[in-house]
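What follows is a short report on a single structure.
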Amino acid sequence: MSNKAKPQTSSWVSKTIKYLWIAFIAGFFGFILFVWMVSINFLGLFGSLPDFKALENPDSEIASELYSTDGVLLGQYFRENRSPVKYEELAPNLVNALISTEDVRFENHSGIDMQAMARVFVKSILLGQNAGGGSTLSQQTAKNLFKTRTDASQGLLSSIPGLGMLIIKTKEWIVATQLEKAYTKNEILTLYLNTSDFGSNAFGIKTAAKTFFNKTPSDLAVQESAVLVGLFKAPSYYSPVYNPENSLRRRNTVLSQMRKNDALTDSEYDSLSKLPIELNYSVANQNKGLATYFREIVKADLIKWTKENLKSDGTAYDLYGDGLRIYATIDSRMQQYAEDAVADHMATLQAKFYKEMGKNDPWIDENRRVIPNFIEDAVRRTEAYRLLKVRYGNDTDSINIKLNEKKKMKVFSWEKGEIDTLMSSMDSMRYYKKFLQTGFMSMDAHTGQIKAWVGGLDHKYFKYDHVLRAKRQPGSTFKPFVYAAAIENGYSPCYSVIDQPVEVYIPGQPAWSPSNADGKFSYEKMTIRHAMAESVNSITAYMMKKLSPKIVVETARRLGVTSDLEEVPALALGVNDVSIFEMVGAFGTFVNQGEHTTPFYIDRIEDKNGNVIQQFTAKKRPAMSEEHAYLMTYMLRGGFEESGGTSQGVDWELRQDNELGGKTGTTQNASDGWYMGISKDLVSGVWVGGDDRAIHFRNWYDGQGGRTARPIWQNYMKKVYADKSLGYTKGPFPRPERPLSIEIDCDVYEKESQRFADFDYDAKKNDF
């Protein structure tokens, strides 16, 4: 009897199966161990994971937003331009496009799509085909929120090829499953859309919809939603701006996925896929929109505020990432009216300036001679010159070659908007120096809230703010402070003086004897109200002589002028530089019944959840009596009511059934033109001139404030009164309840007082 040998094949197969099971079980438990080690960052080998608190309160950068007092978004401050939305603000077609394209089983998995992972394993690993990444929306949200692929979250083993990506994927699986426990599906989907990068500096769906289509997420059409969802694959490659063909192809792929998943019918797909991509593209920046200069001023204040205020946990606020909501006092409607008034008038005025200039350069000295090397000296003060100096040292030839080298650039113009041209640095400086500049500010006199702020012509091309930063000679707009001192010292608006030469003597100084604007003296008697209305220099000088510069300086300071003021007689004619900001605040004291309110422009700051962090209130203090304040509004009304007043040219439409006050100001050679205008509610200030004092109209008549600055105030006020929703109405200045102790009926005043100034002074006697 023979023995049969056992089949060797059966033994080999059983051993192989045995080893495979061992390998599978070992691999399974090894993977479980690996996941556990990753989850606790064992020995620091794998990099950190967010803790549960971070999962409950994910921290993504959110742009801080600046709102007007009427709720209009003025601008944002950001590193990543991101503003979150709620699920209810998303268009249903946007949600369908996202799920159909990125995660078709989103509603059915718990953070990890095993079917997708199996597909990736078989096709990508076993067959070597491209099957995509297999990431769910939950995993992609984890990547967006917690930056799982940045260096900060890497461990010691992360640099090993292959293993590093496995660690990253494992982290995203872990975080995704935790997110699924902490949030609903709708919340995860919203988190994903709020944290994704769409390119063009648009982070989050709200910013993307605004950037590409100028819409909110709820208003997106199906084809527009498909374009934005298509950007997730590669924001640059599928950009509808820079790669429109790629974007169109990708959009139609998204639409096809929607049809495949019954989010679109065949007929809807056929019609939508044939449509072109129609963009309304605009990348947000600080040079666009309303109140561009104002937004930069606020930003500087907010940065300072974040350094001086801490969160409850002791950390500093981040203006660019904490999603603060800043509510300004600016009214968007009044701001628009101010910007329109500035643009309309300055375009006309610039054309007039060009016409007068002709082929001549406008930078001239006091003898009307063109200043030599003016542009060359200006260029030497620029950053471009400084960098060339660093690069070439004392090699002036190379520096001059570069300064005169023409290059493509866009330049500002009133007539044609932005112009594409070829210019050198020297050409550009010469071009821009010929522009007249302006600043405008309007304040509610009773609250101190600034309602409109225009710092210049165009923030993209002219960065310098002329409301707060710039200080210029106010000319005759300073005269009301002289007359305010007179009123407080018992003088009536009816006090009369003769218009004739005045000389003021100060030890060690030459006699000061100002001329009138027209170089003439009438030698006629006139009231100080009439003198201020006509802006007669001789009578203002006489009142300064009577009062002393010290008293005038003290009065101006008390009323709100904060700039340095010299105690000299010429101060009466506005020789010391001041800002529009402080002048408006000071004139506001007259309207606000003698109480000075420091102008302010931030109402409150809220955190991203709407909790008020700080509420700002007006800083008020008594500055003069109610009676004296009213008398000063009466004095300022003289510009409109006295014959020859410098506000007589204001449209009757504005003056009818209304009490207004105003004061023009023009400096020597018409380098600065001013207008300060008041109504019973609003105080506004305007300045117009060249950034350099040497740049001005050659003809003083054309450069005076009544022609350069006053029209801006006039056009602004007409628009404000026309808008009934603002609540600013015409009417008289409120008169004090108590009878006036100073007579303002000049006929009665003359009969009762018979006061008359005869200019009896000793030429050898010192005045101060």
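Going through the structure tokens in order, the chains are called A, B, and so on, while each chain numbers its residues from 1 and the ligands are numbered from 1 in the order shown.
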Distance query A:Gly323 at most 6 Å, only C-alpha atoms, self and fewer than 6 positions along chain excluded, as a count of residues only:
4
DSSP-assigned alpha helix (DSSP H) among stretch 285-399 of chain A, expressed as a ChimeraX atom specification:
/A:292-308,332-357,374-379,383-392,396-399
Considering only C-alpha atoms, return as a ChimeraX atom specification whatever protein or nucleic-acid residues lie within 12 Å of A:Cys494, sequence-local ones (same chain, fewer than 6 positions apart) excluded.
/A:483,486-487,525-532,631,634-635,638,742-757
Would you save the residues of that selection, restricted to C-alpha atoms, as a PDB file, in the first residue's frame?
```
ATOM      1  CA  TYR A 483     -14.731 139.733  16.358  1.00  0.00           C
ATOM      2  CA  ALA A 486     -14.684 141.954  20.563  1.00  0.00           C
ATOM      3  CA  ILE A 487     -18.234 140.738  21.240  1.00  0.00           C
ATOM      4  CA  LYS A 525     -17.711 154.590   8.633  1.00  0.00           C
ATOM      5  CA  MET A 526     -19.048 151.018   8.847  1.00  0.00           C
ATOM      6  CA  THR A 527     -20.198 148.638  11.538  1.00  0.00           C
ATOM      7  CA  ILE A 528     -17.963 145.762  12.495  1.00  0.00           C
ATOM      8  CA  ARG A 529     -20.709 143.412  11.222  1.00  0.00           C
ATOM      9  CA  HIS A 530     -20.555 145.078   7.824  1.00  0.00           C
ATOM     10  CA  ALA A 531     -16.747 145.096   7.975  1.00  0.00           C
ATOM     11  CA  MET A 532     -16.637 141.351   8.607  1.00  0.00           C
ATOM     12  CA  LEU A 631     -24.276 137.369  18.316  1.00  0.00           C
ATOM     13  CA  TYR A 634     -25.613 137.157  13.668  1.00  0.00           C
ATOM     14  CA  MET A 635     -22.199 138.528  12.666  1.00  0.00           C
ATOM     15  CA  GLY A 638     -23.747 139.510   7.622  1.00  0.00           C
ATOM     16  CA  ILE A 742     -26.079 144.063  23.573  1.00  0.00           C
ATOM     17  CA  GLU A 743     -28.049 146.133  21.073  1.00  0.00           C
ATOM     18  CA  ILE A 744     -28.032 144.847  17.486  1.00  0.00           C
ATOM     19  CA  ASP A 745     -30.513 147.318  16.003  1.00  0.00           C
ATOM     20  CA  CYS A 746     -27.958 149.776  14.689  1.00  0.00           C
ATOM     21  CA  ASP A 747     -30.357 152.725  14.474  1.00  0.00           C
ATOM     22  CA  VAL A 748     -31.191 152.314  18.149  1.00  0.00           C
ATOM     23  CA  TYR A 749     -27.544 151.669  18.961  1.00  0.00           C
ATOM     24  CA  GLU A 750     -26.439 154.906  17.265  1.00  0.00           C
ATOM     25  CA  LYS A 751     -29.026 156.980  19.085  1.00  0.00           C
ATOM     26  CA  GLU A 752     -28.314 155.459  22.485  1.00  0.00           C
ATOM     27  CA  SER A 753     -24.564 155.227  22.447  1.00  0.00           C
ATOM     28  CA  GLN A 754     -23.304 157.719  19.894  1.00  0.00           C
ATOM     29  CA  ARG A 755     -20.149 155.637  20.014  1.00  0.00           C
ATOM     30  CA  PHE A 756     -17.812 156.351  17.164  1.00  0.00           C
ATOM     31  CA  ALA A 757     -14.130 155.455  16.761  1.00  0.00           C
TER      32      ALA A 757
END
```
Could you give me, as JSON, numbers by chain, the residues within 10 Å of A:Ser200, counting only C-alpha atoms and dropping anything in the same chain fewer than 4 positions from it?
{"A": [81, 207, 208, 211, 212, 235, 236, 239, 241, 242, 281, 282, 283, 284]}
Convert the current residue selection to file output with N, CA, C and O atoms, as an mmCIF file, in the first residue's frame.
```
data_model
loop_
_atom_site.group_PDB
_atom_site.id
_atom_site.type_symbol
_atom_site.label_atom_id
_atom_site.label_comp_id
_atom_site.auth_asym_id
_atom_site.auth_seq_id
_atom_site.Cartn_x
_atom_site.Cartn_y
_atom_site.Cartn_z
ATOM 1 N N ASN A 81 -9.511 89.287 2.616
ATOM 2 C CA ASN A 81 -10.800 89.980 2.484
ATOM 3 C C ASN A 81 -11.935 88.973 2.656
ATOM 4 O O ASN A 81 -12.373 88.337 1.708
ATOM 5 N N THR A 207 -17.565 87.785 -0.137
ATOM 6 C CA THR A 207 -16.617 88.648 -0.844
ATOM 7 C C THR A 207 -16.485 88.222 -2.298
ATOM 8 O O THR A 207 -16.378 89.070 -3.197
ATOM 9 N N ALA A 208 -16.490 86.918 -2.558
ATOM 10 C CA ALA A 208 -16.362 86.431 -3.930
ATOM 11 C C ALA A 208 -17.545 86.868 -4.788
ATOM 12 O O ALA A 208 -17.370 87.303 -5.936
ATOM 13 N N THR A 211 -17.051 90.491 -5.459
ATOM 14 C CA THR A 211 -15.901 90.773 -6.318
ATOM 15 C C THR A 211 -16.177 90.440 -7.777
ATOM 16 O O THR A 211 -15.885 91.244 -8.674
ATOM 17 N N PHE A 212 -16.743 89.284 -8.035
ATOM 18 C CA PHE A 212 -16.904 88.826 -9.420
ATOM 19 C C PHE A 212 -18.219 89.268 -10.069
ATOM 20 O O PHE A 212 -18.268 89.497 -11.278
ATOM 21 N N PRO A 235 -8.081 78.321 -8.120
ATOM 22 C CA PRO A 235 -8.575 79.694 -8.284
ATOM 23 C C PRO A 235 -7.909 80.485 -9.404
ATOM 24 O O PRO A 235 -8.571 81.266 -10.084
ATOM 25 N N SER A 236 -6.631 80.291 -9.610
ATOM 26 C CA SER A 236 -5.945 81.047 -10.661
ATOM 27 C C SER A 236 -6.205 80.446 -12.037
ATOM 28 O O SER A 236 -6.521 81.160 -12.998
ATOM 29 N N SER A 239 -9.717 81.113 -13.175
ATOM 30 C CA SER A 239 -10.192 82.473 -12.960
ATOM 31 C C SER A 239 -10.968 82.985 -14.177
ATOM 32 O O SER A 239 -10.446 82.966 -15.296
ATOM 33 N N VAL A 241 -11.499 85.935 -14.856
ATOM 34 C CA VAL A 241 -10.886 87.201 -15.278
ATOM 35 C C VAL A 241 -9.648 86.945 -16.120
ATOM 36 O O VAL A 241 -9.480 87.526 -17.204
ATOM 37 N N TYR A 242 -8.779 86.073 -15.640
ATOM 38 C CA TYR A 242 -7.487 85.861 -16.293
ATOM 39 C C TYR A 242 -7.455 84.647 -17.213
ATOM 40 O O TYR A 242 -6.619 84.592 -18.119
ATOM 41 N N TYR A 281 -16.796 92.742 -12.343
ATOM 42 C CA TYR A 281 -15.598 92.457 -11.553
ATOM 43 C C TYR A 281 -15.017 93.714 -10.927
ATOM 44 O O TYR A 281 -14.799 94.716 -11.617
ATOM 45 N N SER A 282 -14.780 93.657 -9.641
ATOM 46 C CA SER A 282 -14.139 94.780 -8.952
ATOM 47 C C SER A 282 -13.501 94.263 -7.665
ATOM 48 O O SER A 282 -14.200 93.797 -6.765
ATOM 49 N N VAL A 283 -12.176 94.347 -7.604
ATOM 50 C CA VAL A 283 -11.460 93.907 -6.411
ATOM 51 C C VAL A 283 -11.481 95.032 -5.387
ATOM 52 O O VAL A 283 -11.118 96.172 -5.691
ATOM 53 N N ALA A 284 -11.930 94.728 -4.186
ATOM 54 C CA ALA A 284 -12.038 95.749 -3.138
ATOM 55 C C ALA A 284 -10.660 96.257 -2.744
ATOM 56 O O ALA A 284 -9.711 95.490 -2.594
#
```
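Straight-line separation from atom CA of A:Thr177 to atom CA of A:Ala263: 26.9 Å.
Taking only C-alpha atoms, the non-local environment of A:Trp713 within 10 Å (same-chain residues fewer than 3 positions away omitted) comprises A:Ala338, A:Ala341, A:Val342, A:Phe440, A:Met441, A:Ser442, A:Val650, A:Gly662, A:Tyr675, A:Met676, A:Gly677, A:Ile678, A:Val683, A:Ser684, A:Gly685, A:Val686, A:Ala709, A:Arg710, A:Tyr716, A:Met717, A:Lys718.
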Nearby residues (only C-alpha atoms) at most 9 Å from stretch 577-593 of chain A, same-chain spacing under 6 positions excluded, as a VMD selection string
chain A and resid 439 to 448 466 to 474 477 to 478 480 556 to 565 599 622 to 633 676 to 687 733 to 734 736
For A:Asp499, list every protein, DNA or RNA residue within 8 Å, evaluated using only C-alpha atoms, and leave out those in the same chain fewer than 5 positions away; present the list as a list in words.
Phe521, Ser522, Tyr523, Glu524, Lys525, Met526, Val536, Ser538 and Ile539 of chain A
How about saving the chosen residues, N, CA and C atoms kept, as a compact mmCIF listing (two decimals), in the first residue's frame?
```txt
# COMPACT_ATOMS: atom_id res chain seq x y z
N PHE A 521 -8.77 152.16 0.47
CA PHE A 521 -9.52 152.46 1.69
C PHE A 521 -10.66 153.39 1.33
N SER A 522 -11.84 153.12 1.86
CA SER A 522 -13.02 153.94 1.52
C SER A 522 -13.15 155.18 2.39
N TYR A 523 -12.49 155.17 3.56
CA TYR A 523 -12.57 156.25 4.54
C TYR A 523 -14.02 156.49 4.97
N GLU A 524 -14.82 155.44 4.90
CA GLU A 524 -16.21 155.53 5.32
C GLU A 524 -16.39 154.78 6.63
N LYS A 525 -17.37 155.25 7.38
CA LYS A 525 -17.71 154.59 8.63
C LYS A 525 -18.55 153.35 8.33
N MET A 526 -18.24 152.24 9.00
CA MET A 526 -19.05 151.02 8.85
C MET A 526 -19.04 150.23 10.14
N VAL A 536 -13.16 143.49 5.46
CA VAL A 536 -12.30 144.68 5.40
C VAL A 536 -11.14 144.51 6.38
N SER A 538 -8.63 146.57 7.26
CA SER A 538 -8.25 147.69 8.12
C SER A 538 -9.04 147.69 9.42
N ILE A 539 -10.31 147.36 9.35
CA ILE A 539 -11.15 147.40 10.54
C ILE A 539 -10.86 146.20 11.44
```
Those of stretch 234-471 of chain A in DSSP strand (DSSP E), formatted as a ChimeraX atom specification:
/A:325-328,407-411,419-423,436-444,450-454
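Proximity to A:Leu457 was assessed for A:Arg637, A:His345, A:Arg380, A:Arg655 counting only C-alpha atoms; the smallest distance is recorded for A:His345.
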